[in-house]
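Novice: Please find one structure pasted underneath; my questions will follow.
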Amino acid sequence: MSTTRSTRPLHAAIWLVLVTAGFALLACWLDPALAWPLSGDGGFDAFVVALNIVPFLLVVALMFALTRRPILSAWIGGLLLVGVYLANKAKFEQLQMPLLPADFRFLLDPAAAVSLFAHYASGHGAIIATTLVLLGVSIALAFEAPVRALHAWPRAALGVATLALTVMLGAGTTPWRTLYDAERVGFEPWSVVDSAERAGVVGNLVLYHWELASRTELAPDRRAAEQLLRANLDALRTRFAPNSSAGAMPAGTLPDIVIVQSESLFDPARLAGAAKDTYLPNYHRLARRGLAGEMKVPTYAGGTIRTEFEVLTGLALAFFPGVQYPYFEIADQPLPGIVRTLARHGYRSTAIHPNSGVFWNREAAFRQIGFDRFIDERAFSKEDIVGLFTGDAALTDHILAELDTEGPPQLLFAISMQNHGPFDWRPGLDAARLAAQPLPPGLDDGGAYWLRNYLYMAEDADRELGRLAEALQKRKRRTLLLFYGDHLPALPPVYHQIGFADGGNAKSQPVPWLLLDNRRRLRSRDEHALTASWLLPSILLENAGIGGDRWFATLDALRADLPADAATANNHLAEALRALGQLRYRSELDDVVEQALLPAEPDWSATIAP
């Protein structure tokens, strides 16, 4: 009996060593940051490997305490490990960004997430078969004989200890702070890609989670904000005058406003070797009678809500360091922006998007932004799908159906879906039209296939822009149309094979924007300038002739002298803009403006003594 009892700790130790070694090998195989120990390149770091497998070992221990089944516990922990790394691989291939803590918010509504992300997985039959096999193995292991030696007290002690360690890991307390040494691995929260390359995918996730949890909101630098305002007093006083707007129209002519955020739209003419005057013909034709240009956006190949947030609020994400997905992180209070500004002028506002209302937390965020209504995927049908997603033609139909001829002015904000990635799989497209898409030289068959799929969809987006603009031009009611792309598409083979005409990388490329007025030809002091997405609403309001908002009036006054990277640069101007933006978010801007507009105190130090 004593011999049997003495072997139990040995069996447990062997099991733990085997699980740890297996997880370490899996992590090294799946994580580009971890050198494969059998490769002999000398880069293997057991410390960094430990950072990436500890969370899964805690899962194994907790499952063992709950089930007393060692193989089942190790199996579940291993599945989670592989699942996290596969999700990271898929995200990085599309967006060139590693997994971040906010990505796990999609688990709050898995149905909406799966319906979109399933399109990125090729070979659906193989995926279904693999899922069924994994499920079958898991069910079979559930019948594994439990370890009887794990009685009540040892079992409870293991469960409580493991749960406590897991909670402490989430909170970032001792002993985990010692193991996850940010300085030791060179963790840099402002550069998550580089940090993931040093700390590994899971190590970076843990450290970034701690960074967000410990980050405190710094008070805006009111002094820097006032200095920027005082340096532009003449322009500000002009804009702050009652009913002032540089593009003002006569009273009683408040226009309807339609904003279209076109998914993944950029001008393919920016690609190296691409023919000019070939792509987006309607956009370029309409640009000649409106305002048009290019703009920098805060995201690449995905993260639509980052650009969307900036356009709707007029606030740069750079004003909120560390925020990745604003609708999850800072949309927990009413958000100032163009929707609420127009509401004060009597506008009714409607958002339209043919996707789930809970995806990206839009349903909740749009309420905080101030929309009166949100029309989501339930208003569209399967017949509207083109390729993988609801087509732009159906979206145009909904926009035109929503515009009334009577009643108060309207704001319609429409988010397209047809041109969403992936671009390596597009069922049901017209083969002849697909083959006829004009391509720049230098692409292999794979790159050509990706780009043809994209150009097919971009052609539809441009066609619908032309149809919408023509319909709005015929309206008796004055109507403004703002149209823009949210980010570049995820076309890594194309960018790798031919690159861009300006020699820059994909993340540095701007996207197009266009503003039309069906009653007049628009002109502006910064026509065709490179701007930023957070400055777009001030351009819209200026040309709509709508004032009364000091934040947008401030941007209007400053905009001509602001470079496209004004909010993201590392200089005093960016610091002052960040302070102004944070004051706007905190509803404290008006007080600072009033203070800045006051006459300067007289300087009595120069008075001559009697």
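Here, A, B, ... name the chains of the structure tokens in the order displayed, residue numbers run from 1 inside each chain, and ligands are numbered from 1 in the same displayed order.
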Pick out each residue of segment 161-373 of chain A that DSSP on the backbone tags as helix (DSSP H, G or I); I need them as a PyMOL selection string.
Specialist: chain A and resi 161-171+176-179+182-185+192-199+201-214+222-230+233-240+268-270+281-287+304-313+317-319+326-329+338-343+359-369
Novice: Report the distance between atom CA of Pro427 of chain A and atom CA of Val386 of chain A in Å, rounded to one decimal place.
Specialist: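 Atom-to-atom, atom CA of Pro427 of chain A and atom CA of Val386 of chain A are spaced 8.5 Å apart.
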Novice: Leaving out His209 of chain A and any residue of its chain fewer than 6 positions from it, which residues lie within 10 Å of it when counting only C-alpha atoms, given as JSON, numbers by chain?
Specialist: {"A": [100, 101, 102, 170, 171, 172, 189, 203]}
Novice: For those residues, write C-alpha atoms to a file as an mmCIF file, in the first residue's frame.
Specialist:
data_model
loop_
_atom_site.group_PDB
_atom_site.id
_atom_site.type_symbol
_atom_site.label_atom_id
_atom_site.label_comp_id
_atom_site.auth_asym_id
_atom_site.auth_seq_id
_atom_site.Cartn_x
_atom_site.Cartn_y
_atom_site.Cartn_z
ATOM 1 C CA LEU A 100 -5.234 42.034 -28.186
ATOM 2 C CA PRO A 101 -7.364 41.805 -25.039
ATOM 3 C CA ALA A 102 -10.265 43.668 -26.670
ATOM 4 C CA GLY A 170 -5.666 38.517 -14.318
ATOM 5 C CA ALA A 171 -5.113 41.237 -11.713
ATOM 6 C CA GLY A 172 -1.354 41.308 -12.264
ATOM 7 C CA PRO A 189 2.543 49.094 -25.065
ATOM 8 C CA GLY A 203 2.859 36.954 -23.047
#
Novice: Please, what distance in Å, to one decimal, runs between atom CA of Leu254 of chain A and atom CA of Leu482 of chain A?
Specialist: 15.5 Å
Novice: Taking only C-alpha atoms into account, name the residue in A:Glu470, A:Glu363, A:Glu575, A:Asp561 that is nearest to Asp376 of chain A.
Specialist: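 Closest residue, counting only C-alpha atoms: A:Glu363.
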Novice: Which residues are near segment 263-266 of chain A? Cut-off 9 Å, only C-alpha atoms, ignore same chain within fewer than 4 positions. Put them as a list in words.
Specialist: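 The residues satisfying every condition are Arg270, Ala301, Gly302, Thr304, Ile415, Ser416, Met417, Gln418, Asn419, His420, Gly421, Ala458, Ala461, Tyr484, Gly485, Asp486, His487, Leu488, Pro489, Ala490, Gln509, Pro510, Val511 and Pro512 of chain A.
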Novice: Once you count only C-alpha atoms, what closest atom pair and distance in Å to one decimal does each residue of segment 84-103 of chain A within 12 Å of segment 19-29 of chain A have, with rows by chain and rising residue number, as CSV?
Specialist:
residue,atom,partner,partner_atom,distance
A:Val84,CA,A:Ala27,CA,10.2
A:Tyr85,CA,A:Ala27,CA,8.0
A:Leu86,CA,A:Ala27,CA,11.0
Novice: Would you kindly return, as a VMD selection string, each protein, DNA or RNA residue with an atom no farther than 10 Å from any atom of segment 45-55 of chain A, considering only C-alpha atoms and excluding same-chain residues fewer than 6 positions away?
Specialist: chain A and resid 20 to 28 31 33 to 37 77 to 78 80 to 81 165 to 166 169 to 170 176 179 to 181 184 to 185 198 to 207
Novice: Could you save those same residues with C-alpha atoms as a PDB file, in the first residue's frame?
Specialist:
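Result file follows (part_18.pdb):
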ATOM      1  CA  THR A  20       4.363  21.284 -19.766  1.00  0.00           C
ATOM      2  CA  ALA A  21       6.769  19.936 -22.384  1.00  0.00           C
ATOM      3  CA  GLY A  22       3.941  19.316 -24.833  1.00  0.00           C
ATOM      4  CA  PHE A  23       2.527  22.814 -24.392  1.00  0.00           C
ATOM      5  CA  ALA A  24       6.003  24.322 -24.731  1.00  0.00           C
ATOM      6  CA  LEU A  25       6.581  22.496 -28.008  1.00  0.00           C
ATOM      7  CA  LEU A  26       3.163  23.533 -29.321  1.00  0.00           C
ATOM      8  CA  ALA A  27       3.750  27.179 -28.402  1.00  0.00           C
ATOM      9  CA  CYS A  28       7.199  27.203 -30.005  1.00  0.00           C
ATOM     10  CA  ASP A  31       4.337  31.348 -32.126  1.00  0.00           C
ATOM     11  CA  ALA A  33       8.339  34.858 -31.476  1.00  0.00           C
ATOM     12  CA  LEU A  34       9.422  31.569 -29.887  1.00  0.00           C
ATOM     13  CA  ALA A  35      12.353  29.797 -31.469  1.00  0.00           C
ATOM     14  CA  TRP A  36      11.705  26.136 -32.219  1.00  0.00           C
ATOM     15  CA  PRO A  37      14.046  24.316 -29.796  1.00  0.00           C
ATOM     16  CA  GLY A  77      -5.889  23.192 -22.223  1.00  0.00           C
ATOM     17  CA  GLY A  78      -4.155  22.182 -25.442  1.00  0.00           C
ATOM     18  CA  LEU A  80      -7.366  26.480 -26.018  1.00  0.00           C
ATOM     19  CA  LEU A  81      -3.658  27.001 -26.688  1.00  0.00           C
ATOM     20  CA  LEU A 165      -3.530  32.020  -9.025  1.00  0.00           C
ATOM     21  CA  THR A 166      -5.720  32.607 -12.099  1.00  0.00           C
ATOM     22  CA  LEU A 169      -2.727  36.538 -12.987  1.00  0.00           C
ATOM     23  CA  GLY A 170      -5.666  38.517 -14.318  1.00  0.00           C
ATOM     24  CA  TRP A 176       3.059  36.946 -11.580  1.00  0.00           C
ATOM     25  CA  LEU A 179       7.520  36.189 -13.940  1.00  0.00           C
ATOM     26  CA  TYR A 180       5.943  38.536 -16.486  1.00  0.00           C
ATOM     27  CA  ASP A 181       8.749  41.073 -16.284  1.00  0.00           C
ATOM     28  CA  ARG A 184      12.985  41.682 -19.226  1.00  0.00           C
ATOM     29  CA  VAL A 185      11.112  41.010 -22.489  1.00  0.00           C
ATOM     30  CA  ARG A 198       9.556  39.729 -28.090  1.00  0.00           C
ATOM     31  CA  ALA A 199       7.133  38.420 -25.463  1.00  0.00           C
ATOM     32  CA  GLY A 200       5.162  36.032 -27.652  1.00  0.00           C
ATOM     33  CA  VAL A 201       1.460  36.200 -28.452  1.00  0.00           C
ATOM     34  CA  VAL A 202       0.160  35.154 -25.021  1.00  0.00           C
ATOM     35  CA  GLY A 203       2.859  36.954 -23.047  1.00  0.00           C
ATOM     36  CA  ASN A 204       2.003  40.148 -24.902  1.00  0.00           C
ATOM     37  CA  LEU A 205      -1.710  39.586 -24.235  1.00  0.00           C
ATOM     38  CA  VAL A 206      -1.098  39.323 -20.479  1.00  0.00           C
ATOM     39  CA  LEU A 207       1.220  42.333 -20.321  1.00  0.00           C
TER      40      LEU A 207
END
Novice: Using only C-alpha atoms, which protein or nucleic acid residues come within 10 Å of Thr405 of chain A? Drop anything in the same chain fewer than 6 positions from it, and give the result as a PyMOL selection string.
Specialist: chain A and resi 256+475-477
Novice: From a backbone DSSP assignment, name each residue in segment 474-531 of chain A labelled strand (DSSP E), as a PDB file with N, CA and C atoms, in the first residue's frame.
Specialist:
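Below is the file selection01.pdb, written as the result:
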ATOM      1  N   THR A 479     -29.253  68.639 -50.393  1.00  0.00           N
ATOM      2  CA  THR A 479     -28.698  67.416 -49.816  1.00  0.00           C
ATOM      3  C   THR A 479     -27.192  67.389 -50.004  1.00  0.00           C
ATOM      4  N   LEU A 480     -26.470  67.072 -48.941  1.00  0.00           N
ATOM      5  CA  LEU A 480     -25.032  66.891 -49.011  1.00  0.00           C
ATOM      6  C   LEU A 480     -24.717  65.405 -48.918  1.00  0.00           C
ATOM      7  N   LEU A 481     -23.729  64.969 -49.689  1.00  0.00           N
ATOM      8  CA  LEU A 481     -23.259  63.584 -49.660  1.00  0.00           C
ATOM      9  C   LEU A 481     -21.781  63.572 -49.315  1.00  0.00           C
ATOM     10  N   LEU A 482     -21.447  62.904 -48.217  1.00  0.00           N
ATOM     11  CA  LEU A 482     -20.055  62.681 -47.838  1.00  0.00           C
ATOM     12  C   LEU A 482     -19.757  61.196 -48.019  1.00  0.00           C
ATOM     13  N   PHE A 483     -18.733  60.908 -48.804  1.00  0.00           N
ATOM     14  CA  PHE A 483     -18.389  59.526 -49.142  1.00  0.00           C
ATOM     15  C   PHE A 483     -16.893  59.344 -48.886  1.00  0.00           C
ATOM     16  N   TYR A 484     -16.528  58.216 -48.243  1.00  0.00           N
ATOM     17  CA  TYR A 484     -15.105  57.999 -47.955  1.00  0.00           C
ATOM     18  C   TYR A 484     -14.832  56.508 -47.721  1.00  0.00           C
ATOM     19  N   GLY A 485     -13.586  56.117 -47.884  1.00  0.00           N
ATOM     20  CA  GLY A 485     -13.152  54.768 -47.554  1.00  0.00           C
ATOM     21  C   GLY A 485     -12.685  54.697 -46.120  1.00  0.00           C
ATOM     22  N   VAL A 511      -6.752  57.070 -47.999  1.00  0.00           N
ATOM     23  CA  VAL A 511      -7.970  56.634 -48.688  1.00  0.00           C
ATOM     24  C   VAL A 511      -8.704  57.864 -49.227  1.00  0.00           C
ATOM     25  N   PRO A 512      -9.590  57.682 -50.220  1.00  0.00           N
ATOM     26  CA  PRO A 512     -10.269  58.827 -50.819  1.00  0.00           C
ATOM     27  C   PRO A 512     -11.485  59.293 -50.027  1.00  0.00           C
ATOM     28  N   TRP A 513     -11.799  60.573 -50.181  1.00  0.00           N
ATOM     29  CA  TRP A 513     -13.044  61.110 -49.643  1.00  0.00           C
ATOM     30  C   TRP A 513     -13.627  62.099 -50.653  1.00  0.00           C
ATOM     31  N   LEU A 514     -14.926  62.338 -50.522  1.00  0.00           N
ATOM     32  CA  LEU A 514     -15.647  63.181 -51.486  1.00  0.00           C
ATOM     33  C   LEU A 514     -16.820  63.838 -50.781  1.00  0.00           C
ATOM     34  N   LEU A 515     -17.032  65.112 -51.039  1.00  0.00           N
ATOM     35  CA  LEU A 515     -18.184  65.846 -50.499  1.00  0.00           C
ATOM     36  C   LEU A 515     -18.898  66.554 -51.643  1.00  0.00           C
ATOM     37  N   LEU A 516     -20.206  66.297 -51.772  1.00  0.00           N
ATOM     38  CA  LEU A 516     -21.026  66.887 -52.823  1.00  0.00           C
ATOM     39  C   LEU A 516     -22.198  67.637 -52.220  1.00  0.00           C
ATOM     40  N   ASP A 517     -22.609  68.706 -52.901  1.00  0.00           N
ATOM     41  CA  ASP A 517     -23.799  69.471 -52.546  1.00  0.00           C
ATOM     42  C   ASP A 517     -24.657  69.562 -53.809  1.00  0.00           C
ATOM     43  N   LEU A 530      -4.568  66.745 -48.417  1.00  0.00           N
ATOM     44  CA  LEU A 530      -4.496  65.538 -47.616  1.00  0.00           C
ATOM     45  C   LEU A 530      -4.937  65.892 -46.207  1.00  0.00           C
ATOM     46  N   THR A 531      -5.930  65.204 -45.706  1.00  0.00           N
ATOM     47  CA  THR A 531      -6.452  65.507 -44.378  1.00  0.00           C
ATOM     48  C   THR A 531      -6.476  64.225 -43.552  1.00  0.00           C
TER      49      THR A 531
END
Novice: At most 10 Å is the cut-off: for each residue in segment 234-319 of chain A with any atom that close to an atom of segment 564-574 of chain A, write down the nearest atom pair and the distance in Å rounded to one decimal, counting only C-alpha atoms, chain first then increasing number, as JSON lines.
Specialist:
{"residue": "A:Glu294", "atom": "CA", "partner": "A:Ala564", "partner_atom": "CA", "distance": 9.7}
{"residue": "A:Met295", "atom": "CA", "partner": "A:Ala564", "partner_atom": "CA", "distance": 7.3}
{"residue": "A:Lys296", "atom": "CA", "partner": "A:Ala564", "partner_atom": "CA", "distance": 6.4}
{"residue": "A:Val297", "atom": "CA", "partner": "A:Ala564", "partner_atom": "CA", "distance": 9.4}
{"residue": "A:Pro298", "atom": "CA", "partner": "A:Thr568", "partner_atom": "CA", "distance": 9.5}
{"residue": "A:Leu315", "atom": "CA", "partner": "A:Ala567", "partner_atom": "CA", "distance": 9.5}
{"residue": "A:Ala316", "atom": "CA", "partner": "A:Ala567", "partner_atom": "CA", "distance": 6.7}
{"residue": "A:Leu317", "atom": "CA", "partner": "A:Ala567", "partner_atom": "CA", "distance": 8.5}
{"residue": "A:Ala318", "atom": "CA", "partner": "A:Thr568", "partner_atom": "CA", "distance": 5.9}
{"residue": "A:Phe319", "atom": "CA", "partner": "A:Ala567", "partner_atom": "CA", "distance": 7.3}
Novice: Suppose we keep C-alpha atoms; can you now write the selection as a compact mmCIF listing (two decimals), in the first residue's frame?
Specialist:
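again-v6.txt, written as the output of this step:
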# COMPACT_ATOMS: atom_id res chain seq x y z
CA GLU A 294 -7.27 61.82 -49.58
CA MET A 295 -7.15 61.26 -45.85
CA LYS A 296 -5.11 59.41 -43.29
CA VAL A 297 -7.05 56.89 -41.24
CA PRO A 298 -6.12 55.26 -37.89
CA LEU A 315 -11.99 63.13 -32.09
CA ALA A 316 -8.71 61.48 -33.07
CA LEU A 317 -8.03 58.14 -31.44
CA ALA A 318 -4.57 59.50 -30.71
CA PHE A 319 -6.29 61.63 -28.05
Novice: Any idea what's packed within 8 Å of Asp424 of chain A, counting only C-alpha atoms, ignoring anything in its chain fewer than 5 positions away? Could you give it as a PyMOL selection string?
Specialist: chain A and resi 449-450+453
Novice: Using the selection just defined, write its residues with N, CA and C atoms as a PDB file, in the first residue's frame.
Specialist:
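Below is the file that was written, out_37.pdb:
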ATOM      1  N   TYR A 449      -5.452  36.982 -58.615  1.00  0.00           N
ATOM      2  CA  TYR A 449      -6.779  36.527 -58.186  1.00  0.00           C
ATOM      3  C   TYR A 449      -7.302  37.393 -57.047  1.00  0.00           C
ATOM      4  N   TRP A 450      -6.446  37.670 -56.072  1.00  0.00           N
ATOM      5  CA  TRP A 450      -6.853  38.539 -54.961  1.00  0.00           C
ATOM      6  C   TRP A 450      -7.284  39.917 -55.473  1.00  0.00           C
ATOM      7  N   ASN A 453     -10.627  40.044 -57.454  1.00  0.00           N
ATOM      8  CA  ASN A 453     -11.782  39.998 -56.556  1.00  0.00           C
ATOM      9  C   ASN A 453     -12.034  41.365 -55.930  1.00  0.00           C
TER      10      ASN A 453
END
Novice: Between atom CA of Ala365 of chain A and atom CA of Ala379 of chain A, what distance in Å does the model show, to one decimal?
Specialist: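 Distance reported for this atom pair: 19.5 Å.
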Novice: Between A:Gly581, A:Gly303, A:Pro537, A:Gly337, which is the closest to Gln324 of chain A once you count only C-alpha atoms?
Specialist: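 With only C-alpha atoms as the atom set, the closest residue is A:Gly303.
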Novice: Using only C-alpha atoms, which residue out of A:Leu412, A:Ile546, A:Pro422, A:Phe500 lies closest to Ile259 of chain A?
Specialist: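 Using only C-alpha atoms, the shortest distance to Ile259 of chain A belongs to A:Leu412.
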Novice: Quick one: of A:Leu451, A:Leu472, A:Pro409, A:Pro441, who's nearest to Ala544 of chain A, counting only C-alpha atoms?
Specialist: A:Pro409
